[in-house]
Amino acid sequence: MSDSIQKYNNSSNSLSKFEYVPHFTPSGTESNGLDPKQIIALLMRYKWLVIFFLIAGGTGAWFYADTIEPVYESRGLLMISSNGEARNDELSQIISQATGYGTSSTLENELQVLQSRTFSEQVANRLTENEPDQLYELPIFWVTDENGESYRASEAVVTSRIKNNLTFILPEEKSDVVQVAFSSTSPREATEIVNLAMKIYVENSTRQNRQAATSTAEFLEKEKAEVKQKLDESERRLRNYMDNTGIVQVNEQTTGMVQQQADTELELRRLRLDLQTVEETIGNYEEQLNQVKPGLNEQFTNAVGPKIRNAQEDLARYERERTLIISKNPGVLDRNPLPARLQYLDKQIARLKDEIQMLSDQLFTENDEYLGMDSEDRAQIVSNLQARLVELRIEQNQLASQIEALEQYRDEMNTDINSLPDDIVELAKLQRDVRINEELYVNISRQFADMSVWKQSQFGFGRIIDPGQVPSNPVSPNKKILLLLGVMLGGLVSAGFIFIKEFRDNSVNDVGELKTMYLPSVTVVPSFDKISRRKRKSFKVGQGKVPAELVLMQNRDSISAEAIRRLKNNIIYQYGDVPPKSIAITSPEKGDGKSTIAANLGIAFAEEGFKTVLIGADFRRPQVGKYFGLTTKKGLSDYLEGNLAFEKLIQETDQKNVHVIEAGQNSHNPEVLGSSLLFRQLMKKMEETYDVIILDTPPFGIISDSTAILKNAEATVVVAKYRKTNKGMLRRTLEELGQIQANVIGVVLNDFDYRKETSNYYGSGYYHSLYTNYETYVK
């Protein structure tokens with residue numbers, strides 16, 4: 001007996017000509033990133049999930065947009081002219097002389113006026129006066145508390161809202177046209193505030209210019225009276241001198257010299273007036289710069305802008321927490337006293353509001369000139385003022401030089417005139433004074449008449465081009481944008497879900513990876529078709545219905561049956577024309593379908609004409625007998641433990657040339673049965689009787705009961721289940737099979753679903769084409 005056992009071991013080892021050697025993809029063919037085809041295949045596999053998330057994202061965005069209160073924006077166009085519509089340089093200079101300001105301004109200064117707090121207060125006051133009975137149509141006047149109750153907002157709040165929401169934009173850099181816009185939840189309110197703001201600005205600038213013209217007219221009237229008095233006095237003195245001396249005429253040369261002296265004096269007077277106007281304007285700009293600089297220095301030192309932003313962020317955080325507490329605890333405001341956290345939040349909110357108000361006041365000068373929130377705004381203000389001062393100082397120097405030259409020329413003429421006889425010179429001077437006063441009186445009278453007319457026709461710097469229209473569609477929320485963002489968010493969520501799912505999926509899910517990482521012989525067995533119990537065939541030898549998994553008995557023309565036959569052929573032709581005597585079937589985990597593959601493989605060999613025996617060597621979870629309708633509980637374990645005779649061990653089945661040895665009842669020592677002397681003797685007998693022995697062994701990846709069986713079997717087939725078996729378990733199982741020198745001749749990928757396959761090992765759509773063509777050809 002021992003000789004026969006030794007002969008069996010030698011025979012088994014001599015036939016182990018195939019040895020498992022893991023191999024990997026050569027570096028030259030290794031993938032360096034995501035394959036677009038695989039990405040497309042992955043998206044197609046999850047297409048319904050992606051579509052669901054896209055629709056859900058779009059629908060959620062659409063409903064979210066419906067929950068947002070719509071905001072409307074009205075816009076108008078206002079042209080701001082730097083010199084008014086009726087420009088008159090001479091009168092403007094007179095106004096500047098009389099009032100110290102003038103009728104011209106810069107666009108930058110006018111924009112600062114529009115953005116000032118004073119202007120916003122004027123708009124708020126006028127809005128209240130115009131609509132005393134319809135305030136509920138103007139949301140800007142109302143505040144809603146946490147309980148949903150509305151109350152009238154304070155004047156400071158209304159002014160702040162107008163200042164924050166009323167914007168002035170230059171559509172083009174070199175244009176004098178300003179776009180005035182206001183946003184509100186009420187389209188009527190938005191339109192009314194835009195039009196009211198433009199109207200108030202035009203009225204203010206017109207009134208300012210007319211007031212300046214009126215003051216100048218009064219000044220000219222006073223000047224006219226004074227000049228008239230001087231003219232009368234000069235005429236009286238001339239008459240008296242002519243009566244006393246009897247000289248009534250001077251020669252032409254003397255008259256020309258005196259006239260030239262008079263013209264020089266008039267020109268000097270005009271230049272001095274211009275110089276005085278320029279010097280007063282310089283003083284005004286220097287005063288503005290001095291008012292701005294202290295504020296700027298304080299802002300730079302105290303960082304007012306960043307402090308306001310930080311305070312606003314803290315205020316928003318506290319108010320958000322307060323609202324959350326109130327919404328989660330109805331009636332909490334009725335408690336007396338309030339919870340400590342609410343009291344703390346109320347104190348912090350009040351403190352921050354006072355701090356923001358205090359800091360905001362520092363953004364304006366004493367004359368309500370806006371200093372800007374950021375350093376760029378403040379630097380621009382200073383830069384504009386300094387640039388204008390440079391221009392005025394250049395003009396000041398030019399006028400002073402002209403005056404100096406004329407004064408020198410006048411002194412030279414006075415020297416020539418003083419060389420003439422005294423009585424002739426005195427008469428010429430008296431005539432000159434009369435002529436100067438006459439010309440001055442005529443000039444002032446003309447200016448007074450022009451100013452009287454001009455002050456009635458004077459308009460402001462602004463002219464309304466396009467009034468604001470009542471908007472029909474809100475600017476916010478933009479449903480199209482939100483819908484697009486919702487769809488994009490749905491796409492990102494679906495992509496993230498797919499990525500996480502695939503990233504965490506460490507199962508055998510890629511045929512190409514399996515072929516390149518493990519063995520060259522990989523057989524793919526697709527999922528078995530489901531067959532209703534009514535349509536299943538019944539056993540003749542066994543009891544009950546034939547299982548749907550036994551495809552070679554249920555549907556021999558199915559693609560699954562064809563895959564089993566391919567597995568059979570792969571095993572045979574690795575050994576030439578004769579299959580190996582003993583084939584062990586194992587798996588890394590339970591539930592991989594090894595017993596199903598073993599049963600179908602046995603039928604495939606039997607159909608080829610090989611006398612086949614299926615041995616259930618999985619003593620813990622026996623399955624082979626169930627596939628053939630066998631109900632005998634005793635089997636191999638009972639035989640090896642001496643509780644069953646050899647004649648009762650082997651059972652017939654419905655399939656010709658297929659016999660079955662069931663695993664038997666649960667044994668107390670299943671781990672030693674496969675390595676026992678009696679089992680090896682039985683295997684020797686089976687080899688003498690049968691052409692092929694298929695052993696259904698336990699999953700070697702989780703239990704080592706079958707170590708001796710796998711080591712001594714002539715061939716071993718490892719079964720993994722598609723998208724179920726863990727890759728690490730499969731790799732570890734193959735490594736340990738190599739360590740015990742088991743002859744692994746192939747891997748079976750069971751329960752394969754080509755619709756979930758993303759591999760392009762054979763090219764895109766290979767398995768889909770294979771299965772479709774097979775079904776078409778068979779039919």
# chains A, B, ... in the order shown; residues from 1 in each chain; ligands from 1
$ residues_around --residues "stretch 549-557 of chain A" --least-positions-apart "3" --cutoff "10 Å" --atoms "only C-alpha atoms" --output "PyMOL selection string"
chain A and resi 527-531+535-538+546+560-562+564-565+593+596-597+599-604+607+627-628+654-655+774-775+778-779
$ select_by_dssp --residues "stretch 530-776 of chain A" --states "strand (DSSP E)" --output "number ranges by chain"
A: 582-586, 612-616, 651-652, 658-661, 692-696, 715-721, 744-752
$ closest_residue --among "A:Leu482, A:Gly60, A:Gln396, A:Trp48" --to "A:Gln276" --atoms "only C-alpha atoms"
A:Gln396
$ atom_distance --atom1 "atom CA of A:Arg432" --atom2 "atom CA of A:Ser401"
25.8 Å
$ residues_around --residues "A:Arg620" --least-positions-apart "5" --cutoff "8 Å" --atoms "only C-alpha atoms" --output "ChimeraX atom specification"
/A:666-667,670,698
